[in-house]
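Engineer: The following block contains the structure, expressed as structure tokens.
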Amino acid sequence: PAVTNVVPFNGHGVDELLALAAAAERSSEHPLARAVIARALHDNVPIPDAEAFEALPGIGVQAIVHGDRIVVGGERLLRGAEASDGDLAAVAAVAAQVACEGASALAVARVAQSGTVEVLGVIAVRDRLSAGVPEIVSRLRSAGIARLVMLTGDRRDVAAPIGRAIGVNEVRADLLPAEKVTAIRELRSSGPVAMIGDGVNDAPALASADVGVGMGLGGTDIALESADVVLMRDDLAGLETIVRLSRRTVAVIRQNVALSLATKLAALLLASFGFVSLWIAILVDVGTSLVVTLNGLRLARLGEQERRDSSPVTEPACECGTEHEGAHSHAL
């Protein structure tokens, strides 16, 4: 993600807006927070110290800077801070404008010790969609994934174009972390669900899914702890390998169980007629164990083949949204 525009309000400067936002975001693990800090560093903007940092999942972040509380987030956070209707309208106007460019709007406000709320401006951050993501989604469908749903706390007008570009079946936007959990439970009523995510807002949904998949390189600690499977590269192509190998693993298990039961039943029937001696029974048992083991070892060869056939490393489909508006994630 990268900052595409900085819109100060009420006579404040661009540097002041970046400095206060970066100070509040400094302790955040989210990619959009890193984008804000990177822009401040790029512009050589001094970042002041912040205290009492607090992440508000699905809403925003806040910290004490120069004795005042600085909040960075979306419209929900501003409404909770009791910003004026005029400021809310100005933020909504800028958010709608940058949404047309595929960017998310982060509002920056100062809450004075007296309780007065002043909106300082809006920072627009946009994520890039990697060229190979639609192809990866297409291969996931060919691997047997029946339905792909994007769950995001971001605005619908930002998320919908991304969903169409990568080819998901459905986009559910403006979701808080608890609402993502509700969506996962609803999807589970139609069958098993795998959830892919990397942010703190995804952790409850990852824990609620039948299989939670965390993105290891850029994922937050709580998301990785909540996941059942962790991809050690931010490469969705690895998910296709997992799906194919898991299906083949289940097939091999069924083959091995069927073979074992068939040989045991045959040996039992022959033994009842006196055709099986002790040594023959031992050979049948050992032989079956060897066949089952060799059949299972085929998965190692299949895994190597999948890795050779997988595409080069690509960036994740989307990491738009923030602790302020919720990260994009996928449910399969």
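For the structure tokens, the naming scheme is as follows: chains receive sequential letters (A, B, ...) according to their order of presentation, residues are indexed from 1 within each chain, and ligands are indexed from 1 in presentation order.
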Any idea what's packed within 12 Å of Arg248 (chain A), counting only C-alpha atoms, ignoring anything in its chain fewer than 6 positions away? Could you give it as a ChimeraX atom specification?

Structural biologist: /A:143-144,241-242,254-255,295-303,306

Engineer: His66 (chain A): which residues within 9 Å, counting only C-alpha atoms, same-chain residues fewer than 3 positions away excluded, as a PDB file with N, CA and C atoms, in the first residue's frame?

Structural biologist:
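Full text of around_14.pdb as output:
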ATOM      1  N   PRO A  48       6.816  12.851  15.849  1.00  0.00           N
ATOM      2  CA  PRO A  48       6.926  13.031  17.310  1.00  0.00           C
ATOM      3  C   PRO A  48       6.661  11.729  18.053  1.00  0.00           C
ATOM      4  N   ASP A  49       7.034  11.724  19.315  1.00  0.00           N
ATOM      5  CA  ASP A  49       6.781  10.561  20.164  1.00  0.00           C
ATOM      6  C   ASP A  49       5.303  10.490  20.528  1.00  0.00           C
ATOM      7  N   ALA A  50       4.838   9.261  20.720  1.00  0.00           N
ATOM      8  CA  ALA A  50       3.439   9.040  21.097  1.00  0.00           C
ATOM      9  C   ALA A  50       3.381   8.142  22.322  1.00  0.00           C
ATOM     10  N   ARG A  69      -5.122  13.642  22.359  1.00  0.00           N
ATOM     11  CA  ARG A  69      -5.397  12.322  21.793  1.00  0.00           C
ATOM     12  C   ARG A  69      -5.569  12.457  20.281  1.00  0.00           C
TER      13      ARG A  69
END

Engineer: Can you list every residue in region 73-242 of chain A that DSSP puts in strand (DSSP E or B), as a PyMOL selection string?

Structural biologist: chain A and resi 73+103-111+117-126+149-151+170-172+194-197+211-215+229-231

Engineer: From the DSSP assignment of the backbone, select every residue of region 112-318 of chain A that is alpha helix (DSSP H), and format the answer as a ChimeraX atom specification.

Structural biologist: /A:133-142,156-166,177-188,203-208,221-226,237-272,278-309

Engineer: If we count only C-alpha atoms and set the cut-off at 7 Å, which residues sit around Ala203 (chain A), ignoring sequence neighbours fewer than 6 positions away in its own chain? Please answer as a PyMOL selection string.

Structural biologist: chain A and resi 222-223+226

Engineer: Just the number, please: distance in Å from CA of Leu41 (chain A) to CA of Val200 (chain A), one decimal.

Structural biologist: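 Rounded to one decimal, the two atoms are 24.7 Å apart.
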
Engineer: Measuring between only C-alpha atoms, which one of A:Gly214, A:Gly11, A:Ala83, A:Val291 shows the shortest distance to Val257 (chain A)?

Structural biologist: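 Using only C-alpha atoms, Val257 (chain A) sits closest to A:Val291.
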
Engineer: Neighbours of region 94-107 of chain A within 7 Å (only C-alpha atoms; same-chain residues fewer than 2 positions away dropped), as an MDAnalysis selection string?

Structural biologist: chainID A and resid 72:74 90:92 109 121:126 157:158 321

Engineer: Using the selection just defined, write its residues with all heavy atoms as a CSV table (one decimal), in the first residue's frame.

Structural biologist:
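The result, stored in out04.csv:
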chain,number,residue,atom,x,y,z
A,72,VAL,N,-6.8,8.0,14.4
A,72,VAL,CA,-6.7,7.8,12.9
A,72,VAL,C,-7.6,6.6,12.6
A,72,VAL,O,-7.5,5.5,13.1
A,72,VAL,CB,-5.3,7.5,12.5
A,72,VAL,CG1,-5.2,7.3,11.0
A,72,VAL,CG2,-4.3,8.5,13.0
A,73,GLY,N,-8.6,6.9,11.7
A,73,GLY,CA,-9.5,5.8,11.3
A,73,GLY,C,-10.5,6.3,10.3
A,73,GLY,O,-10.3,7.3,9.6
A,74,GLY,N,-11.7,5.6,10.3
A,74,GLY,CA,-12.7,5.9,9.4
A,74,GLY,C,-13.8,6.7,10.0
A,74,GLY,O,-13.7,7.2,11.1
A,90,ALA,N,-17.4,16.5,5.4
A,90,ALA,CA,-16.1,16.8,4.6
A,90,ALA,C,-15.3,15.5,4.4
A,90,ALA,O,-14.8,15.2,3.3
A,90,ALA,CB,-15.3,17.8,5.3
A,91,VAL,N,-15.2,14.7,5.5
A,91,VAL,CA,-14.5,13.4,5.4
A,91,VAL,C,-15.2,12.5,4.4
A,91,VAL,O,-14.6,11.8,3.6
A,91,VAL,CB,-14.4,12.8,6.8
A,91,VAL,CG1,-13.8,11.3,6.7
A,91,VAL,CG2,-13.4,13.6,7.7
A,92,ALA,N,-16.5,12.4,4.5
A,92,ALA,CA,-17.3,11.5,3.6
A,92,ALA,C,-17.1,11.9,2.2
A,92,ALA,O,-17.0,11.1,1.3
A,92,ALA,CB,-18.8,11.6,4.0
A,109,ALA,N,-7.8,13.0,13.4
A,109,ALA,CA,-8.5,14.0,14.3
A,109,ALA,C,-7.7,14.2,15.6
A,109,ALA,O,-7.1,13.3,16.1
A,109,ALA,CB,-9.9,13.6,14.5
A,121,GLY,N,-7.7,16.3,8.8
A,121,GLY,CA,-7.6,16.0,7.4
A,121,GLY,C,-7.8,14.6,7.1
A,121,GLY,O,-8.1,13.8,8.0
A,122,VAL,N,-7.5,14.2,5.9
A,122,VAL,CA,-7.7,12.8,5.4
A,122,VAL,C,-6.5,12.4,4.6
A,122,VAL,O,-5.9,13.2,3.8
A,122,VAL,CB,-8.9,12.7,4.5
A,122,VAL,CG1,-9.1,11.3,3.9
A,122,VAL,CG2,-10.2,13.0,5.3
A,123,ILE,N,-6.0,11.1,4.9
A,123,ILE,CA,-4.9,10.6,4.1
A,123,ILE,C,-5.5,9.4,3.3
A,123,ILE,O,-6.1,8.5,3.8
A,123,ILE,CB,-3.8,10.1,5.1
A,123,ILE,CG1,-3.3,11.2,5.9
A,123,ILE,CG2,-2.7,9.4,4.3
A,123,ILE,CD1,-2.2,10.8,6.9
A,124,ALA,N,-5.3,9.4,2.0
A,124,ALA,CA,-5.7,8.4,1.1
A,124,ALA,C,-4.6,7.4,0.9
A,124,ALA,O,-3.5,7.7,0.5
A,124,ALA,CB,-6.2,9.0,-0.2
A,125,VAL,N,-4.9,6.1,1.0
A,125,VAL,CA,-4.0,5.0,0.9
A,125,VAL,C,-4.6,4.0,-0.1
A,125,VAL,O,-5.7,3.6,0.1
A,125,VAL,CB,-3.6,4.4,2.2
A,125,VAL,CG1,-2.5,3.3,2.0
A,125,VAL,CG2,-3.2,5.4,3.3
A,126,ARG,N,-3.8,3.6,-1.1
A,126,ARG,CA,-4.2,2.7,-2.1
A,126,ARG,C,-3.3,1.5,-2.1
A,126,ARG,O,-2.1,1.6,-2.1
A,126,ARG,CB,-4.3,3.3,-3.4
A,126,ARG,CG,-4.9,2.4,-4.5
A,126,ARG,CD,-5.1,3.1,-5.8
A,126,ARG,NE,-3.9,3.7,-6.3
A,126,ARG,CZ,-3.8,4.5,-7.4
A,126,ARG,NH1,-4.9,4.9,-7.9
A,126,ARG,NH2,-2.7,5.0,-7.8
A,157,ASP,N,-17.6,0.8,-2.1
A,157,ASP,CA,-17.1,1.3,-3.3
A,157,ASP,C,-15.6,1.2,-3.6
A,157,ASP,O,-15.1,1.3,-4.7
A,157,ASP,CB,-17.5,2.8,-3.5
A,157,ASP,CG,-17.2,3.6,-2.2
A,157,ASP,OD1,-16.6,3.1,-1.3
A,157,ASP,OD2,-17.6,4.8,-2.2
A,158,VAL,N,-14.9,0.9,-2.5
A,158,VAL,CA,-13.5,0.5,-2.6
A,158,VAL,C,-13.3,-1.0,-2.9
A,158,VAL,O,-12.5,-1.4,-3.7
A,158,VAL,CB,-12.7,1.0,-1.4
A,158,VAL,CG1,-11.2,0.5,-1.5
A,158,VAL,CG2,-12.7,2.5,-1.2
A,321,GLY,N,-7.8,-1.6,3.5
A,321,GLY,CA,-8.5,-1.6,4.8
A,321,GLY,C,-7.5,-1.6,5.9
A,321,GLY,O,-6.3,-1.8,5.7

Engineer: Take CA of Gly274 (chain A) and CA of Leu290 (chain A) and report the distance between them in Å, one decimal.

Structural biologist: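 Computing the Euclidean distance for CA of Gly274 (chain A) and CA of Leu290 (chain A) yields 25.1 Å.
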
Engineer: Return the single residue from A:Met232, A:Gly67, A:Leu239, A:Thr293 that is closest to Val252 (chain A), with distances computed using only C-alpha atoms.

Structural biologist: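 When distances to Val252 (chain A) are compared using only C-alpha atoms, the smallest one comes from A:Thr293.
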
Engineer: So how far away is CA of Pro31 (chain A) from CA of Ile145 (chain A), in Å?

Structural biologist: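 Interatomic distance, CA of Ile145 (chain A) to CA of Pro31 (chain A): 27.7 Å.
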
Engineer: Could you check which of A:Pro8, A:Gly167, A:Gly197, A:Gly191 is closest to Ile136 (chain A), using only C-alpha atoms?

Structural biologist: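 Looking at the shortest contact to Ile136 (chain A), the residue is A:Gly167.
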
Engineer: Just want the 9 Å neighbourhood of Arg188 (chain A), counted on only C-alpha atoms, with same-chain residues fewer than 4 positions away dropped. Output as a PDB file with N, CA, C and O atoms, in the first residue's frame.

Structural biologist:
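To be explicit, this is the file written out as around.pdb:
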ATOM      1  N   ALA A 183     -20.436 -13.631   9.461  1.00  0.00           N
ATOM      2  CA  ALA A 183     -20.434 -14.037   8.054  1.00  0.00           C
ATOM      3  C   ALA A 183     -19.850 -15.441   7.887  1.00  0.00           C
ATOM      4  O   ALA A 183     -20.369 -16.246   7.105  1.00  0.00           O
ATOM      5  N   ILE A 184     -18.786 -15.749   8.626  1.00  0.00           N
ATOM      6  CA  ILE A 184     -18.188 -17.082   8.537  1.00  0.00           C
ATOM      7  C   ILE A 184     -19.175 -18.144   9.010  1.00  0.00           C
ATOM      8  O   ILE A 184     -19.334 -19.206   8.380  1.00  0.00           O
ATOM      9  N   PRO A 192     -18.128 -26.655   4.542  1.00  0.00           N
ATOM     10  CA  PRO A 192     -16.879 -26.269   5.198  1.00  0.00           C
ATOM     11  C   PRO A 192     -16.324 -24.973   4.620  1.00  0.00           C
ATOM     12  O   PRO A 192     -16.429 -24.710   3.425  1.00  0.00           O
ATOM     13  N   VAL A 193     -15.717 -24.158   5.490  1.00  0.00           N
ATOM     14  CA  VAL A 193     -15.204 -22.847   5.092  1.00  0.00           C
ATOM     15  C   VAL A 193     -13.744 -22.724   5.507  1.00  0.00           C
ATOM     16  O   VAL A 193     -13.384 -23.028   6.641  1.00  0.00           O
ATOM     17  N   ALA A 209     -13.534 -20.256  11.492  1.00  0.00           N
ATOM     18  CA  ALA A 209     -13.636 -21.045  10.267  1.00  0.00           C
ATOM     19  C   ALA A 209     -13.245 -22.496  10.530  1.00  0.00           C
ATOM     20  O   ALA A 209     -12.593 -22.820  11.526  1.00  0.00           O
ATOM     21  N   ASP A 210     -13.661 -23.385   9.618  1.00  0.00           N
ATOM     22  CA  ASP A 210     -13.240 -24.778   9.724  1.00  0.00           C
ATOM     23  C   ASP A 210     -11.736 -24.890   9.587  1.00  0.00           C
ATOM     24  O   ASP A 210     -11.097 -25.677  10.289  1.00  0.00           O
TER      25      ASP A 210
END

Engineer: Do a neighbour search on Ile47 (chain A) at 7 Å with only C-alpha atoms, toss out local chain neighbours closer than 5 positions, and write the hits as an NGL selection string.

Structural biologist: :A and (19 or 22-23)

Engineer: Write the selection just made, keeping all heavy atoms, as a short mmCIF file (atom, residue, chain, number, x, y, z; two decimals), in the first residue's frame?

Structural biologist:
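The resulting file, again-v7.cif, is reproduced below:
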data_model
loop_
_atom_site.label_atom_id
_atom_site.label_comp_id
_atom_site.auth_asym_id
_atom_site.auth_seq_id
_atom_site.Cartn_x
_atom_site.Cartn_y
_atom_site.Cartn_z
N ALA A 19 2.77 13.97 10.19
CA ALA A 19 3.52 13.76 11.43
C ALA A 19 2.63 13.19 12.52
O ALA A 19 3.01 12.22 13.20
CB ALA A 19 4.15 15.09 11.88
N ALA A 22 1.47 9.56 11.55
CA ALA A 22 2.55 8.59 11.68
C ALA A 22 2.88 8.32 13.14
O ALA A 22 3.20 7.19 13.52
CB ALA A 22 3.79 9.10 10.94
N ALA A 23 2.80 9.35 13.98
CA ALA A 23 3.06 9.15 15.40
C ALA A 23 2.04 8.21 16.01
O ALA A 23 2.38 7.30 16.79
CB ALA A 23 3.04 10.50 16.13
#

Engineer: With only C-alpha atoms as the atoms that count, which of A:Pro1, A:Pro161, A:Gly115, A:Gly58 lies nearest to Arg39 (chain A)?

Structural biologist: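 Comparing A:Pro1, A:Pro161, A:Gly115, A:Gly58 against Arg39 (chain A), the winner is A:Pro1.
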
Engineer: Which residue gives the smallest distance to Val65 (chain A) among A:Ala24, A:Val45, A:Ala165, A:Ala33, with only C-alpha atoms counted?

Structural biologist: A:Ala24

Engineer: Smallest atom-to-atom distance to Pro177 (chain A): which of A:Ala205, A:Ala237, A:Met150, A:Leu265, using only C-alpha atoms?

Structural biologist: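 Closest candidate: A:Ala205.
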
Engineer: Which residues come within 10 Å of Ala146 (chain A), counting only C-alpha atoms, excluding same-chain residues fewer than 3 positions away, as a list in words?

Structural biologist: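 Result of the neighbour search: Leu140, Arg141, Ser142, Ala143, Asn169, Gly191 and Leu332 of chain A.
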